[in-house]
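Student: Supplied structure: final.pdb, PDB, C-alpha atoms.
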MODEL        1
ATOM      1  CA  MET Z 501     127.835  70.209  61.896
ATOM      2  CA  ASN Z 502     131.380  69.010  61.147
ATOM      3  CA  LYS Z 503     131.279  65.951  58.906
ATOM      4  CA  ASN Z 504     133.979  64.159  60.932
ATOM      5  CA  ILE Z 505     131.823  64.116  64.035
ATOM      6  CA  VAL Z 506     128.676  63.370  62.041
ATOM      7  CA  LEU Z 507     130.178  60.285  60.388
ATOM      8  CA  LEU Z 508     131.541  58.898  63.632
ATOM      9  CA  ILE Z 509     128.258  59.472  65.413
ATOM     10  CA  SER Z 510     126.209  57.990  62.554
ATOM     11  CA  PHE Z 511     128.218  54.803  62.659
ATOM     12  CA  SER Z 512     127.788  54.641  66.427
ATOM     13  CA  VAL Z 513     124.021  55.019  66.080
ATOM     14  CA  PHE Z 514     123.908  52.071  63.693
ATOM     15  CA  LEU Z 515     125.787  49.792  66.081
ATOM     16  CA  LEU Z 516     124.137  50.782  69.312
ATOM     17  CA  SER Z 517     120.629  50.763  67.912
ATOM     18  CA  ALA Z 518     121.102  47.075  67.271
ATOM     19  CA  MET Z 519     122.741  46.360  70.626
ATOM     20  CA  VAL Z 520     120.822  48.358  73.218
ATOM     21  CA  VAL Z 521     117.135  47.971  73.999
ATOM     22  CA  THR Z 522     116.072  49.302  77.380
ATOM     23  CA  SER Z 523     113.191  51.192  78.915
ATOM     24  CA  VAL Z 524     113.531  54.950  79.244
ATOM     25  CA  VAL Z 525     112.534  57.041  82.198
ATOM     26  CA  ALA Z 526     112.375  60.745  81.399
ATOM     27  CA  GLN Z 527     114.718  62.926  83.450
ATOM     28  CA  PRO Z 528     114.580  66.693  83.892
ATOM     29  CA  ARG Z 529     116.609  68.331  81.124
ATOM     30  CA  THR Z 530     118.724  71.417  81.740
ATOM     31  CA  VAL Z 531     120.828  73.398  79.291
ATOM     32  CA  GLY Z 532     124.277  73.875  80.813
ATOM     33  CA  VAL Z 533     125.914  75.956  78.090
ATOM     34  CA  VAL Z 534     125.433  79.664  77.489
ATOM     35  CA  ALA Z 535     125.510  81.628  74.250
ATOM     36  CA  GLY Z 536     129.064  82.802  73.681
ATOM     37  CA  PHE Z 537     130.768  79.791  75.257
ATOM     38  CA  GLY Z 538     133.618  78.402  73.145
ATOM     39  CA  PHE Z 539     135.116  74.903  73.284
ATOM     40  CA  LYS Z 540     138.325  74.146  71.400
ATOM     41  CA  TYR Z 541     139.466  70.648  70.501
ATOM     42  CA  GLY Z 542     143.174  70.318  69.803
ATOM     43  CA  THR Z 543     143.831  66.648  70.510
ATOM     44  CA  PHE Z 544     143.459  64.532  67.367
ATOM     45  CA  ASP Z 545     145.160  61.157  67.432
ATOM     46  CA  VAL Z 546     144.558  58.591  64.680
ATOM     47  CA  ASP Z 547     146.327  55.203  64.611
ATOM     48  CA  TRP Z 548     146.114  52.414  62.039
ATOM     49  CA  SER Z 549     148.111  49.235  61.548
ATOM     50  CA  SER Z 550     147.750  45.993  59.590
ATOM     51  CA  ASN Z 551     149.741  42.968  58.486
ATOM     52  CA  ASP Z 552     147.340  42.429  55.609
ATOM     53  CA  PRO Z 553     149.134  43.365  52.355
ATOM     54  CA  ASN Z 554     145.812  44.260  50.774
ATOM     55  CA  ALA Z 555     144.645  46.534  53.589
ATOM     56  CA  LYS Z 556     144.500  50.261  52.927
ATOM     57  CA  PHE Z 557     144.150  53.379  55.039
ATOM     58  CA  PRO Z 558     141.579  54.600  55.693
ATOM     59  CA  PRO Z 559     139.583  51.361  55.975
ATOM     60  CA  SER Z 560     136.386  51.181  53.947
ATOM     61  CA  GLY Z 561     133.598  52.924  55.833
ATOM     62  CA  TRP Z 562     136.054  54.877  57.981
ATOM     63  CA  GLU Z 563     137.119  57.563  55.530
ATOM     64  CA  VAL Z 564     136.527  60.062  58.325
ATOM     65  CA  PHE Z 565     139.872  58.945  59.806
ATOM     66  CA  ALA Z 566     141.746  60.603  56.962
ATOM     67  CA  ASP Z 567     140.057  63.941  57.684
ATOM     68  CA  LEU Z 568     140.752  63.682  61.405
ATOM     69  CA  ASN Z 569     144.414  63.097  60.648
ATOM     70  CA  LYS Z 570     144.495  66.392  58.738
ATOM     71  CA  THR Z 571     142.791  68.450  61.468
ATOM     72  CA  GLU Z 572     144.835  70.780  63.669
ATOM     73  CA  TRP Z 573     141.994  72.072  65.843
ATOM     74  CA  GLU Z 574     138.255  72.497  65.955
ATOM     75  CA  LEU Z 575     136.251  75.201  67.730
ATOM     76  CA  ILE Z 576     132.634  74.792  68.766
ATOM     77  CA  ARG Z 577     130.991  78.102  69.654
ATOM     78  CA  VAL Z 578     127.532  78.253  71.231
ATOM     79  CA  GLU Z 579     125.604  80.747  69.115
ATOM     80  CA  ASP Z 580     122.193  80.654  70.776
ATOM     81  CA  VAL Z 581     120.198  78.934  73.499
ATOM     82  CA  SER Z 582     116.389  78.927  73.301
ATOM     83  CA  GLY Z 583     114.514  76.684  75.681
ATOM     84  CA  THR Z 584     116.147  73.279  75.273
ATOM     85  CA  ASN Z 585     117.513  74.097  71.803
ATOM     86  CA  VAL Z 586     121.226  74.823  71.459
ATOM     87  CA  THR Z 587     122.649  76.284  68.244
ATOM     88  CA  ILE Z 588     126.378  75.986  67.583
ATOM     89  CA  GLN Z 589     128.946  77.106  65.013
ATOM     90  CA  VAL Z 590     131.833  74.737  64.198
ATOM     91  CA  THR Z 591     135.139  76.022  62.843
ATOM     92  CA  THR Z 592     137.591  73.354  61.656
ATOM     93  CA  HIS Z 593     141.195  74.401  61.077
ATOM     94  CA  PHE Z 594     143.284  71.987  59.038
ATOM     95  CA  LYS Z 595     147.043  71.519  59.154
ATOM     96  CA  ASN Z 596     147.397  73.059  55.692
ATOM     97  CA  GLY Z 597     145.928  76.330  56.986
ATOM     98  CA  THR Z 598     142.466  76.027  55.429
ATOM     99  CA  GLU Z 599     139.276  76.279  57.450
ATOM    100  CA  THR Z 600     135.654  75.207  57.134
ATOM    101  CA  PHE Z 601     132.616  76.645  58.886
ATOM    102  CA  GLU Z 602     129.430  74.738  59.618
ATOM    103  CA  GLY Z 603     126.377  75.262  61.781
ATOM    104  CA  GLY Z 604     124.443  72.804  63.878
ATOM    105  CA  TYR Z 605     121.788  72.505  66.528
ATOM    106  CA  VAL Z 606     120.450  70.017  69.051
ATOM    107  CA  ASN Z 607     117.475  69.798  71.344
ATOM    108  CA  ILE Z 608     119.051  68.550  74.578
ATOM    109  CA  ASP Z 609     115.696  67.102  75.632
ATOM    110  CA  THR Z 610     114.670  65.081  72.571
ATOM    111  CA  GLY Z 611     118.030  64.752  70.817
ATOM    112  CA  ASP Z 612     116.649  66.236  67.596
ATOM    113  CA  GLY Z 613     119.143  68.051  65.382
ATOM    114  CA  ASN Z 614     122.413  67.453  63.558
ATOM    115  CA  ALA Z 615     124.584  68.139  66.642
ATOM    116  CA  SER Z 616     123.302  65.270  68.761
ATOM    117  CA  LEU Z 617     125.914  63.934  71.198
ATOM    118  CA  VAL Z 618     127.913  67.164  70.951
ATOM    119  CA  VAL Z 619     125.726  68.670  73.691
ATOM    120  CA  ILE Z 620     123.534  66.768  76.148
ATOM    121  CA  SER Z 621     121.649  67.857  79.251
ATOM    122  CA  ALA Z 622     123.654  69.185  82.171
ATOM    123  CA  ASN Z 623     123.803  67.298  85.479
ATOM    124  CA  LEU Z 624     122.861  63.849  84.209
ATOM    125  CA  ASN Z 625     123.722  60.905  86.453
ATOM    126  CA  ALA Z 626     124.471  57.211  86.001
ATOM    127  CA  ASN Z 627     121.626  55.371  84.215
ATOM    128  CA  ASP Z 628     120.116  58.607  82.886
ATOM    129  CA  ALA Z 629     119.286  58.457  79.161
ATOM    130  CA  LEU Z 630     121.155  60.915  76.951
ATOM    131  CA  TYR Z 631     117.880  62.128  75.430
ATOM    132  CA  THR Z 632     114.210  61.396  76.041
ATOM    133  CA  SER Z 633     113.291  60.225  72.530
ATOM    134  CA  GLY Z 634     114.750  59.029  69.264
ATOM    135  CA  SER Z 635     117.743  56.776  68.609
ATOM    136  CA  TYR Z 636     119.664  58.002  71.641
ATOM    137  CA  SER Z 637     116.891  57.492  74.191
ATOM    138  CA  THR Z 638     118.248  54.002  74.918
ATOM    139  CA  TRP Z 639     121.806  55.257  75.479
ATOM    140  CA  LYS Z 640     122.521  55.721  79.171
ATOM    141  CA  ILE Z 641     125.328  57.257  81.188
ATOM    142  CA  ASN Z 642     127.496  54.513  82.692
ATOM    143  CA  GLU Z 643     129.033  56.558  85.469
ATOM    144  CA  THR Z 644     130.263  59.968  86.568
ATOM    145  CA  ILE Z 645     134.013  60.200  87.053
ATOM    146  CA  VAL Z 646     136.527  62.964  87.698
ATOM    147  CA  ARG Z 647     138.987  63.660  84.890
ATOM    148  CA  ALA Z 648     141.749  66.225  84.550
ATOM    149  CA  TYR Z 649     141.557  68.869  81.827
ATOM    150  CA  PRO Z 650     143.646  71.987  81.101
ATOM    151  CA  ASN Z 651     141.293  74.123  83.198
ATOM    152  CA  GLY Z 652     141.335  71.676  86.113
ATOM    153  CA  ALA Z 653     139.565  68.542  87.322
ATOM    154  CA  ARG Z 654     135.968  68.164  86.151
ATOM    155  CA  GLU Z 655     133.096  65.826  86.906
ATOM    156  CA  THR Z 656     132.600  63.949  83.652
ATOM    157  CA  ASN Z 657     129.786  61.697  82.434
ATOM    158  CA  LEU Z 658     130.974  58.567  80.623
ATOM    159  CA  LEU Z 659     129.230  56.394  78.046
ATOM    160  CA  ASN Z 660     131.289  53.255  77.404
ATOM    161  CA  VAL Z 661     130.112  50.681  74.860
ATOM    162  CA  THR Z 662     131.996  47.578  73.719
ATOM    163  CA  TYR Z 663     130.944  45.078  71.058
ATOM    164  CA  GLU Z 664     132.626  41.755  70.182
ATOM    165  CA  HIS Z 665     131.739  39.129  67.625
ATOM    166  CA  SER Z 666     133.537  36.069  66.268
ATOM    167  CA  TRP Z 667     132.550  33.647  63.494
ATOM    168  CA  THR Z 668     133.989  31.077  61.117
ATOM    169  CA  VAL Z 669     133.763  31.064  57.331
ATOM    170  CA  ASN Z 670     135.273  28.150  55.373
ATOM    171  CA  GLU Z 671     137.388  27.214  58.403
ATOM    172  CA  THR Z 672     138.755  30.765  58.622
ATOM    173  CA  GLN Z 673     138.390  32.410  62.001
ATOM    174  CA  ASN Z 674     137.015  35.957  62.012
ATOM    175  CA  TYR Z 675     136.902  38.357  64.908
ATOM    176  CA  ASN Z 676     135.546  41.894  65.265
ATOM    177  CA  TYR Z 677     135.948  44.168  68.268
ATOM    178  CA  PHE Z 678     134.524  47.671  68.578
ATOM    179  CA  THR Z 679     134.621  50.016  71.558
ATOM    180  CA  MET Z 680     133.778  53.665  71.966
ATOM    181  CA  LYS Z 681     133.857  56.066  74.856
ATOM    182  CA  PHE Z 682     132.084  59.418  75.050
ATOM    183  CA  TYR Z 683     132.923  61.880  77.823
ATOM    184  CA  TRP Z 684     130.705  64.876  78.569
ATOM    185  CA  ASP Z 685     131.365  67.626  81.082
ATOM    186  CA  LYS Z 686     128.645  67.095  83.695
ATOM    187  CA  LEU Z 687     128.071  70.762  84.531
ATOM    188  CA  THR Z 688     127.714  71.983  80.934
ATOM    189  CA  GLY Z 689     126.808  68.829  79.005
ATOM    190  CA  ILE Z 690     129.427  69.549  76.338
ATOM    191  CA  LEU Z 691     131.356  66.669  74.732
ATOM    192  CA  VAL Z 692     134.970  66.801  75.949
ATOM    193  CA  GLU Z 693     136.424  63.533  74.605
ATOM    194  CA  ASP Z 694     135.538  60.837  72.110
ATOM    195  CA  TYR Z 695     137.463  57.603  71.560
ATOM    196  CA  TYR Z 696     136.948  54.764  69.062
ATOM    197  CA  GLU Z 697     138.876  51.526  68.682
ATOM    198  CA  VAL Z 698     138.285  48.755  66.126
ATOM    199  CA  ILE Z 699     140.010  45.382  65.703
ATOM    200  CA  ASN Z 700     139.338  43.160  62.707
ATOM    201  CA  GLN Z 701     140.943  39.760  62.324
ATOM    202  CA  THR Z 702     140.543  37.404  59.378
ATOM    203  CA  GLY Z 703     142.665  34.308  59.809
ATOM    204  CA  GLU Z 704     146.252  35.420  60.337
ATOM    205  CA  TYR Z 705     145.598  38.966  59.184
ATOM    206  CA  LEU Z 706     145.020  41.580  61.870
ATOM    207  CA  THR Z 707     143.981  45.184  61.255
ATOM    208  CA  THR Z 708     143.467  47.730  64.023
ATOM    209  CA  TRP Z 709     142.557  51.400  64.003
ATOM    210  CA  SER Z 710     141.576  53.979  66.570
ATOM    211  CA  ALA Z 711     140.695  57.649  66.829
ATOM    212  CA  LEU Z 712     140.757  60.073  69.729
ATOM    213  CA  PHE Z 713     139.788  63.715  69.866
ATOM    214  CA  GLY Z 714     139.603  65.832  72.970
ATOM    215  CA  MET Z 715     139.038  69.338  74.253
ATOM    216  CA  THR Z 716     142.096  71.434  75.051
ATOM    217  CA  GLU Z 717     140.631  74.883  75.810
ATOM    218  CA  SER Z 718     137.374  76.428  76.975
ATOM    219  CA  ASP Z 719     136.167  79.826  78.108
ATOM    220  CA  GLY Z 720     132.951  78.256  79.392
ATOM    221  CA  TRP Z 721     134.419  76.584  82.462
ATOM    222  CA  VAL Z 722     136.343  79.262  84.301
ATOM    223  CA  VAL Z 723     135.059  81.993  86.593
ATOM    224  CA  PRO Z 724     137.315  84.908  85.607
ATOM    225  CA  GLU Z 725     140.260  85.657  87.821
ATOM    226  CA  PHE Z 726     139.871  88.810  89.875
ATOM    227  CA  PRO Z 727     142.545  91.408  89.073
ATOM    228  CA  THR Z 728     144.960  91.027  91.974
ATOM    229  CA  PHE Z 729     146.306  94.572  91.718
ATOM    230  CA  LEU Z 730     142.900  95.851  92.864
ATOM    231  CA  ILE Z 731     142.463  93.697  95.958
ATOM    232  CA  LEU Z 732     143.972  96.131  98.497
ATOM    233  CA  PRO Z 733     142.507  99.372  97.148
ATOM    234  CA  LEU Z 734     139.082  97.803  96.691
ATOM    235  CA  PHE Z 735     139.164  96.450 100.226
ATOM    236  CA  MET Z 736     139.838  99.959 101.462
ATOM    237  CA  ILE Z 737     137.045 101.365  99.299
ATOM    238  CA  VAL Z 738     134.497  98.776 100.424
ATOM    239  CA  ALA Z 739     135.373  99.466 104.041
ATOM    240  CA  LEU Z 740     135.003 103.200 103.468
ATOM    241  CA  VAL Z 741     131.662 102.742 101.690
ATOM    242  CA  ALA Z 742     130.415 100.610 104.565
ATOM    243  CA  ILE Z 743     131.385 103.299 107.078
ATOM    244  CA  MET Z 744     129.738 105.975 104.956
ATOM    245  CA  THR Z 745     126.550 103.927 104.753
ATOM    246  CA  LEU Z 746     126.379 103.450 108.512
ATOM    247  CA  ARG Z 747     127.272 107.011 109.352
ATOM    248  CA  ARG Z 748     126.019 108.726 106.237
ATOM    249  CA  ARG Z 749     124.112 111.570 107.838
ATOM    250  CA  ARG Z 750     126.794 112.564 110.267
ATOM    251  CA  LEU Z 751     129.580 112.361 107.705
ATOM    252  CA  MET Z 752     127.674 114.314 105.105
ATOM    253  CA  HIS Z 753     126.597 116.903 107.603
ATOM    254  CA  ALA Z 754     130.148 117.395 108.831
ATOM    255  CA  LYS Z 755     131.462 117.226 105.237
ATOM    256  CA  LEU Z 756     134.193 114.870 106.369
ATOM    257  CA  VAL Z 757     134.007 112.643 103.249
ATOM    258  CA  ASP Z 758     133.752 113.670  99.626
ATOM    259  CA  THR Z 759     132.299 110.728  97.704
ATOM    260  CA  ARG Z 760     133.934 111.985  94.520
ATOM    261  CA  MET Z 761     137.308 111.404  96.134
ATOM    262  CA  ILE Z 762     136.830 107.659  95.690
ATOM    263  CA  GLU Z 763     135.857 108.140  92.072
ATOM    264  CA  ASN Z 764     138.841 110.377  91.387
ATOM    265  CA  LEU Z 765     141.300 107.987  93.026
ATOM    266  CA  PHE Z 766     139.995 104.610  91.882
ATOM    267  CA  GLY Z 767     137.116 105.136  89.447
ATOM    268  CA  GLY Z 768     139.160 104.520  86.299
ATOM    269  CA  ALA Z 769     140.807 101.381  87.664
ATOM    270  CA  ILE Z 770     137.481  99.978  88.837
ATOM    271  CA  ALA Z 771     135.862 100.620  85.451
ATOM    272  CA  ARG Z 772     138.718  98.970  83.550
ATOM    273  CA  ALA Z 773     138.769  95.969  85.884
ATOM    274  CA  TRP Z 774     135.011  95.454  85.612
ATOM    275  CA  GLU Z 775     135.086  95.599  81.818
ATOM    276  CA  ARG Z 776     137.877  93.049  81.894
ATOM    277  CA  VAL Z 777     135.867  90.465  83.817
ATOM    278  CA  LYS Z 778     132.275  91.454  82.998
ATOM    279  CA  THR Z 779     131.632  88.940  80.197
ATOM    280  CA  GLY Z 780     133.066  86.046  82.169
ATOM    281  CA  VAL Z 781     131.143  87.015  85.287
ATOM    282  CA  ILE Z 782     127.839  87.063  83.403
ATOM    283  CA  LYS Z 783     128.568  83.646  81.903
ATOM    284  CA  ALA Z 784     129.539  82.255  85.294
ATOM    285  CA  ARG Z 785     126.345  83.573  86.898
ATOM    286  CA  GLN Z 786     124.233  81.928  84.203
ATOM    287  CA  GLN Z 787     126.153  78.676  84.224
ATOM    288  CA  LEU Z 788     126.218  78.321  88.019
ATOM    289  CA  ASN Z 789     122.804  79.937  88.521
ATOM    290  CA  ASP Z 790     124.354  82.267  91.090
ATOM    291  CA  PRO Z 791     123.609  85.987  90.562
ATOM    292  CA  THR Z 792     125.796  86.964  93.548
ATOM    293  CA  ILE Z 793     129.152  86.225  91.874
ATOM    294  CA  TYR Z 794     131.146  89.498  92.078
ATOM    295  CA  TYR Z 795     127.916  91.259  93.101
ATOM    296  CA  TYR Z 796     129.582  93.907  95.251
ATOM    297  CA  PHE Z 797     132.269  94.567  92.675
ATOM    298  CA  GLU Z 798     129.575  95.318  90.103
ATOM    299  CA  TYR Z 799     127.711  97.420  92.671
ATOM    300  CA  LEU Z 800     130.820  99.486  93.334
ATOM    301  CA  HIS Z 801     131.349  99.972  89.597
ATOM    302  CA  ASN Z 802     127.754 101.141  89.164
ATOM    303  CA  GLU Z 803     128.081 103.602  92.034
ATOM    304  CA  MET Z 804     131.174 105.074  90.402
ATOM    305  CA  LYS Z 805     129.246 105.433  87.131
ATOM    306  CA  LYS Z 806     126.455 107.257  88.922
ATOM    307  CA  GLY Z 807     129.013 109.696  90.323
ATOM    308  CA  GLU Z 808     130.316 110.430  86.828
ATOM    309  CA  GLN Z 809     126.808 111.357  85.673
ATOM    310  CA  GLN Z 810     126.205 113.839  88.474
ATOM    311  CA  PRO Z 811     126.993 117.492  87.699
TER     312      PRO Z 811
ENDMDL
END
As structure tokens, how would this structure be written, given the file I've shared?
Tutor:
Amino acid sequence: MNKNIVLLISFSVFLLSAMVVTSVVAQPRTVGVVAGFGFKYGTFDVDWSSNDPNAKFPPSGWEVFADLNKTEWELIRVEDVSGTNVTIQVTTHFKNGTETFEGGYVNIDTGDGNASLVVISANLNANDALYTSGSYSTWKINETIVRAYPNGARETNLLNVTYEHSWTVNETQNYNYFTMKFYWDKLTGILVEDYYEVINQTGEYLTTWSALFGMTESDGWVVPEFPTFLILPLFMIVALVAIMTLRRRRLMHAKLVDTRMIENLFGGAIARAWERVKTGVIKARQQLNDPTIYYYFEYLHNEMKKGEQQP
């Protein structure tokens, strides 16, 4: 798992474990991602400022900020799904052109694995725990909101945690503020945004830093677009097939329709169009649990293939 995400998450675990103690009610856990799905993160925004002449970037304990500032994009690819276990491959591309490759996994039920928080259960609701056991079993979704992403508006689960503390040492006022926001796509359970903000004040010296990374592309959200150039001819073919089915005996007996005519006229175009959308259709069927997506298009393609195999 990418060390940037691991370090940020580890620090979050430390803080929230001390702040949150609640009872956990187990919720049904559902994997929302499918092997082959890819999620690309291209938004990396790191800010730091201070009027303390002795302050340095990155602040102690936040060395991960320096790495985030060097990152151009990161790709998380789902390699395998087995039960509630999700295995991922992370490719990090830096601004200097170099890349790193790391693997990770998470059990979206228990939270076990080194990719915890990257993927959670699909279709969680407000007050549902992220996982059913471990450090994250006390973390609960605050609310489900709609947010806009490059592929359109999505229902998104938000975890928002804020921590403040002030104290005085030798008449010097100290103040610490920490907030973080995790956003997961509700339908897939994939992390789409992560935001951290920290404010430290010691007397007159104020130091602030923040980090944001967000998803910019995904092939796991979109049902593939149907090739528009085929709409009219396919409509004509479907109508013809329907007529042939209803009047099959009479048409065949009278030899009014040669089924190979359809194959000769449109078979190649149908085959190419199906191959173009096949992978996306399969993913969409699995993700939406709807085996009927493009069912008749696939049926027509299969019928054309049968015709090719006949002598």
Student: How far is it from atom CA of Gly532 of chain Z to atom CA of Phe713 of chain Z, in Å with one decimal?
Tutor: 21.5 Å
Student: Given the file above and the PyMOL selection byres ((chain Z and resi 673) around 12), which residues are selected, and can you give them as a PyMOL selection string?
Tutor: chain Z and resi 665-672+674-676+700-706
Student: Deliver the residues from the most recent selection as a file, using C-alpha atoms, as a PDB file, keeping the file's coordinate frame.
Tutor:
ATOM      1  CA  HIS Z 665     131.739  39.129  67.625  1.00  0.00           C
ATOM      2  CA  SER Z 666     133.537  36.069  66.268  1.00  0.00           C
ATOM      3  CA  TRP Z 667     132.550  33.647  63.494  1.00  0.00           C
ATOM      4  CA  THR Z 668     133.989  31.077  61.117  1.00  0.00           C
ATOM      5  CA  VAL Z 669     133.763  31.064  57.331  1.00  0.00           C
ATOM      6  CA  ASN Z 670     135.273  28.150  55.373  1.00  0.00           C
ATOM      7  CA  GLU Z 671     137.388  27.214  58.403  1.00  0.00           C
ATOM      8  CA  THR Z 672     138.755  30.765  58.622  1.00  0.00           C
ATOM      9  CA  ASN Z 674     137.015  35.957  62.012  1.00  0.00           C
ATOM     10  CA  TYR Z 675     136.902  38.357  64.908  1.00  0.00           C
ATOM     11  CA  ASN Z 676     135.546  41.894  65.265  1.00  0.00           C
ATOM     12  CA  ASN Z 700     139.338  43.160  62.707  1.00  0.00           C
ATOM     13  CA  GLN Z 701     140.943  39.760  62.324  1.00  0.00           C
ATOM     14  CA  THR Z 702     140.543  37.404  59.378  1.00  0.00           C
ATOM     15  CA  GLY Z 703     142.665  34.308  59.809  1.00  0.00           C
ATOM     16  CA  GLU Z 704     146.252  35.420  60.337  1.00  0.00           C
ATOM     17  CA  TYR Z 705     145.598  38.966  59.184  1.00  0.00           C
ATOM     18  CA  LEU Z 706     145.020  41.580  61.870  1.00  0.00           C
TER      19      LEU Z 706
END
Student: Just say which residues the PyMOL selection byres ((chain Z and resi 645-660) around 9) picks in this file, as a VMD selection string.
Tutor: chain Z and resid 623 to 626 639 to 644 661 to 662 679 to 687 689 692 715 to 718 721 to 722
Student: Which of these residues is nearest to Ala615 of chain Z, using all atoms listed in the file: Z:Gly597, Z:Pro559, Z:Gly603, Z:Pro791?
Tutor: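 Counting all atoms listed in the file, the residue closest to Ala615 of chain Z is Z:Gly603.
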Student: Hey, what comes out of the PyMOL selection byres ((chain Z and resi 632) around 7) on this file? Could you write it as a list in words?
Tutor: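 Applied to this file, the PyMOL selection byres ((chain Z and resi 632) around 7) selects Ala526, Asp609, Thr610, Ala629, Tyr631, Ser633 and Ser637 of chain Z.
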Student: So that I have them on file, write out the residues from the current selection with C-alpha atoms, as a JSON list (two decimals), keeping the file's coordinate frame.
Tutor:
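Just written: result-v4.json:
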[["chain", "number", "residue", "atom", "x", "y", "z"],
["Z", 526, "ALA", "CA", 112.38, 60.74, 81.40],
["Z", 609, "ASP", "CA", 115.70, 67.10, 75.63],
["Z", 610, "THR", "CA", 114.67, 65.08, 72.57],
["Z", 629, "ALA", "CA", 119.29, 58.46, 79.16],
["Z", 631, "TYR", "CA", 117.88, 62.13, 75.43],
["Z", 633, "SER", "CA", 113.29, 60.22, 72.53],
["Z", 637, "SER", "CA", 116.89, 57.49, 74.19]]
Student: For a quick check of understanding, using all atoms listed in the file, which of Z:Trp562, Z:Lys570, Z:Gly634, Z:Glu693 has the smallest distance to Lys540 of chain Z?
Tutor: Z:Glu693
Student: So, with only C-alpha atoms as the atoms that count, which of Z:Thr688, Z:Asn569, Z:Ser550, Z:Asn627 lies closest to His593 of chain Z?
Tutor: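 Smallest distance to His593 of chain Z is found for Z:Asn569.
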Student: Work out how far atom CA of Val534 of chain Z is from atom CA of Asn585 of chain Z, in Å to one decimal.
Tutor: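 Atom-to-atom, atom CA of Asn585 of chain Z and atom CA of Val534 of chain Z are spaced 11.2 Å apart.
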Student: Between atom CA of Ser582 of chain Z and atom CA of Tyr605 of chain Z, what is the distance in Å, rounded to a tenth?
Tutor: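 A separation of 10.8 Å between them.
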Student: My list of candidates is Z:Thr571, Z:Ser710, Z:Ser621, Z:Asn607. Which is closest to Tyr541 of chain Z when distances are computed with all atoms listed in the file?
Tutor: Z:Thr571
Student: Counting all atoms listed in the file, what is within 7 Å of Ile620 of chain Z, bar same-chain residues fewer than 5 positions away, as a short mmCIF file (atom, residue, chain, number, x, y, z; two decimals) with C-alpha atoms, keeping the file's coordinate frame?
Tutor:
data_model
loop_
_atom_site.label_atom_id
_atom_site.label_comp_id
_atom_site.auth_asym_id
_atom_site.auth_seq_id
_atom_site.Cartn_x
_atom_site.Cartn_y
_atom_site.Cartn_z
CA ILE Z 608 119.05 68.55 74.58
CA LEU Z 630 121.16 60.92 76.95
CA GLY Z 689 126.81 68.83 79.00
CA ILE Z 690 129.43 69.55 76.34
#
Student: Just the residues within 12 Å of segment 565-567 of chain Z, please, counting all atoms listed in the file, with nothing from its chain fewer than 5 positions along; format it as number ranges by chain.
Tutor: Z: 502-505, 507-508, 544-548, 556-560, 572-573, 592-596, 696-697, 709-713
Student: Can you complete the atoms of segment 616-627 of chain Z to N, CA and C atoms and list them as a tab-separated table (two decimals), in the frame of the given file?
Tutor:
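Output file out20.tsv follows:
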chain	number	residue	atom	x	y	z
Z	616	SER	N	123.54	66.20	67.67
Z	616	SER	CA	123.30	65.27	68.76
Z	616	SER	C	124.63	64.68	69.23
Z	617	LEU	N	124.74	64.45	70.51
Z	617	LEU	CA	125.91	63.93	71.20
Z	617	LEU	C	126.98	64.99	71.42
Z	618	VAL	N	126.96	66.09	70.68
Z	618	VAL	CA	127.91	67.16	70.95
Z	618	VAL	C	127.53	67.88	72.24
Z	619	VAL	N	126.23	68.06	72.45
Z	619	VAL	CA	125.73	68.67	73.69
Z	619	VAL	C	124.58	67.81	74.21
Z	620	ILE	N	124.63	67.47	75.49
Z	620	ILE	CA	123.53	66.77	76.15
Z	620	ILE	C	123.10	67.61	77.34
Z	621	SER	N	122.13	67.13	78.08
Z	621	SER	CA	121.65	67.86	79.25
Z	621	SER	C	122.74	67.95	80.31
Z	622	ALA	N	122.75	69.05	81.03
Z	622	ALA	CA	123.65	69.18	82.17
Z	622	ALA	C	123.16	68.33	83.33
Z	623	ASN	N	124.10	67.94	84.19
Z	623	ASN	CA	123.80	67.30	85.48
Z	623	ASN	C	123.08	65.96	85.35
Z	624	LEU	N	123.37	65.21	84.29
Z	624	LEU	CA	122.86	63.85	84.21
Z	624	LEU	C	123.68	62.95	85.15
Z	625	ASN	N	123.07	61.85	85.55
Z	625	ASN	CA	123.72	60.90	86.45
Z	625	ASN	C	123.74	59.52	85.83
Z	626	ALA	N	124.41	58.58	86.49
Z	626	ALA	CA	124.47	57.21	86.00
Z	626	ALA	C	123.06	56.66	85.77
Z	627	ASN	N	122.89	55.98	84.64
Z	627	ASN	CA	121.63	55.37	84.22
Z	627	ASN	C	120.63	56.36	83.64
